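Enquirer: Below are the structure tokens for one structure; questions will follow.
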Amino acid sequence: MAEGFGRMTIEAVAARSGVGKPTIYRSWANAQELAMAALLVNRLPEADVGGCTAQAALGAQMRGLVTAFASTRGRQITMALAAADPESEFTKAFRNRVILSSRNAGRIILEEALARGEIVAPPDMDALLDMIYGPVFFRLLVGHCPVSPEFGDAIVRTALRAVALSGA
């Protein structure tokens with residue numbers, strides 16, 4: 001929308017796209033979630049643990065995540081988030097569609113690895129997930145260092161050392 005995220009409405013999108021509001025609401029809870037989906041042109045990777053090690057699955061997910069946010073659109077989202085109210089619908093949409101969905105995918109990967117005996121149970125799964133995803137969002141918001149696939153790989157390697165089987 002030419003007016004920006006804050007002024008976008010489902011009604012305006014429905015009118016411009018020629019579809020009914022119920023069609024839009026089937027996929028997005030509100031205009032801000034729709035805006036977030038539009039900005040994230042490339043879908044973030046889902047958890048895919050079929051035959052993969054935790055290192056491979058988390059690495060692929062993390063590379064997709066950092067690649068999405070290293071793009072021009074990703075930087076636009078980051079700048080919009082940095083300026084947004086933490087309780088705004090835009091921020092909530094980002095939290096739900098990016099942060100929480102990435103963490104949920106990571107949880108699935110780690111739980112599958114735990115079930116296969118590939119890793120030991122972490123003392124606190126949520127803390128481990130924060131260790132994995134927190135650095136990406138910290139770099140995105142603070143901007144002190146670049147976000148790159150190599151950085152994503154380093155995060156995954158470092159976090160998995162915390163739950164490595166002894167002697168592995």
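The chains in the structure tokens are called A, B, ... from first to last as shown; in each chain the residues are counted from 1, and the ligands are counted from 1 in the order shown.
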Hey, what's within 10 Å of Ile155 in chain A if we count only C-alpha atoms and toss same-chain stuff fewer than 2 positions away? As an MDAnalysis selection string, please?
Expert: chainID A and resid 58:59 62 131:136 149:153 157:160
Enquirer: Give me, please, the distance in Å between CA of Ala70 in chain A and CA of Ala35 in chain A, quoted to one decimal.
Expert: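 The value is 18.4 Å.
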Enquirer: Tell me, in Å to one decimal, how far CA of Pro122 in chain A is from CA of Ala162 in chain A.
Expert: 7.6 Å
Enquirer: Give the alpha helix (DSSP H) residues of range 63-117 of chain A, as DSSP finds them on the backbone, and put them as an MDAnalysis selection string.
Expert: chainID A and resid 63:70 72:83 89:94 101:115
Enquirer: Restricting the calculation to only C-alpha atoms, which member of A:Gly74, A:Ser17, A:Glu33, A:Val66 is positioned closest to Arg95 in chain A?
Expert: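 Checking each candidate against Arg95 in chain A, we get A:Glu33 as the closest.
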Enquirer: I'd like to know which of A:Ile99, A:Val19, A:Ala68, A:Ile10 is closest to Phe138 in chain A, using only C-alpha atoms.
Expert: A:Ile99
Enquirer: Compare A:Ala14, A:Leu65, A:Leu140, A:Val163 by their minimum atom-to-atom distance to Pro123 in chain A, counting only C-alpha atoms, and give me the closest one.
Expert: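 Among A:Ala14, A:Leu65, A:Leu140, A:Val163, it is A:Val163 that comes nearest to Pro123 in chain A.
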Enquirer: CA of Pro146 in chain A and CA of Ser88 in chain A, how far apart in Å?
Expert: 26.4 Å
Enquirer: With only C-alpha atoms as the atoms that count, which of A:Ala15, A:Ala82, A:Leu34, A:Cys145 lies nearest to Arg97 in chain A?
Expert: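 Checking each of A:Ala15, A:Ala82, A:Leu34, A:Cys145 against Arg97 in chain A, counting only C-alpha atoms, the winner is A:Leu34.
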Enquirer: Skip Arg107 in chain A itself and residues of its chain fewer than 3 positions away, then list as a JSON list (two decimals) with N, CA, C and O atoms, in the first residue's frame all residues within 10 Å of it, counting only C-alpha atoms.
Expert:
```
[["chain", "number", "residue", "atom", "x", "y", "z"],
["A", 47, "ALA", "N", 9.94, -26.50, 9.56],
["A", 47, "ALA", "CA", 10.75, -27.58, 10.11],
["A", 47, "ALA", "C", 10.65, -28.78, 9.19],
["A", 47, "ALA", "O", 9.56, -29.22, 8.84],
["A", 58, "LEU", "N", 18.26, -27.54, 11.42],
["A", 58, "LEU", "CA", 18.34, -26.19, 11.99],
["A", 58, "LEU", "C", 19.18, -25.27, 11.11],
["A", 58, "LEU", "O", 18.86, -24.10, 10.95],
["A", 101, "SER", "N", 6.85, -18.64, 15.06],
["A", 101, "SER", "CA", 6.80, -19.77, 14.12],
["A", 101, "SER", "C", 8.19, -20.36, 13.89],
["A", 101, "SER", "O", 8.33, -21.58, 13.77],
["A", 102, "SER", "N", 9.23, -19.52, 13.88],
["A", 102, "SER", "CA", 10.60, -20.04, 13.75],
["A", 102, "SER", "C", 10.97, -20.88, 14.97],
["A", 102, "SER", "O", 11.54, -21.96, 14.85],
["A", 103, "ARG", "N", 10.64, -20.36, 16.14],
["A", 103, "ARG", "CA", 10.92, -21.09, 17.39],
["A", 103, "ARG", "C", 10.16, -22.42, 17.43],
["A", 103, "ARG", "O", 10.71, -23.44, 17.85],
["A", 104, "ASN", "N", 8.91, -22.42, 16.99],
["A", 104, "ASN", "CA", 8.13, -23.66, 16.99],
["A", 104, "ASN", "C", 8.74, -24.68, 16.04],
["A", 104, "ASN", "O", 8.82, -25.87, 16.35],
["A", 110, "LEU", "N", 14.38, -29.99, 17.37],
["A", 110, "LEU", "CA", 15.11, -30.45, 18.57],
["A", 110, "LEU", "C", 14.41, -31.62, 19.24],
["A", 110, "LEU", "O", 15.08, -32.56, 19.70],
["A", 111, "GLU", "N", 13.08, -31.61, 19.28],
["A", 111, "GLU", "CA", 12.36, -32.74, 19.89],
["A", 111, "GLU", "C", 12.55, -34.02, 19.08],
["A", 111, "GLU", "O", 12.68, -35.10, 19.66],
["A", 112, "GLU", "N", 12.56, -33.89, 17.75],
["A", 112, "GLU", "CA", 12.82, -35.07, 16.91],
["A", 112, "GLU", "C", 14.26, -35.58, 17.13],
["A", 112, "GLU", "O", 14.49, -36.78, 17.19],
["A", 113, "ALA", "N", 15.21, -34.67, 17.23],
["A", 113, "ALA", "CA", 16.60, -35.07, 17.48],
["A", 113, "ALA", "C", 16.73, -35.74, 18.84],
["A", 113, "ALA", "O", 17.46, -36.72, 18.99],
["A", 125, "MET", "N", 14.32, -26.04, 27.49],
["A", 125, "MET", "CA", 14.15, -25.99, 26.03],
["A", 125, "MET", "C", 13.92, -24.55, 25.55],
["A", 125, "MET", "O", 14.46, -24.14, 24.52],
["A", 126, "ASP", "N", 13.14, -23.77, 26.28],
["A", 126, "ASP", "CA", 12.89, -22.39, 25.86],
["A", 126, "ASP", "C", 14.17, -21.56, 25.87],
["A", 126, "ASP", "O", 14.38, -20.73, 24.99],
["A", 128, "LEU", "N", 17.18, -22.73, 25.35],
["A", 128, "LEU", "CA", 17.95, -23.16, 24.18],
["A", 128, "LEU", "C", 17.40, -22.53, 22.90],
["A", 128, "LEU", "O", 18.18, -22.05, 22.06],
["A", 129, "LEU", "N", 16.09, -22.49, 22.77],
["A", 129, "LEU", "CA", 15.49, -21.85, 21.59],
["A", 129, "LEU", "C", 15.82, -20.36, 21.54],
["A", 129, "LEU", "O", 16.11, -19.82, 20.47]]
```
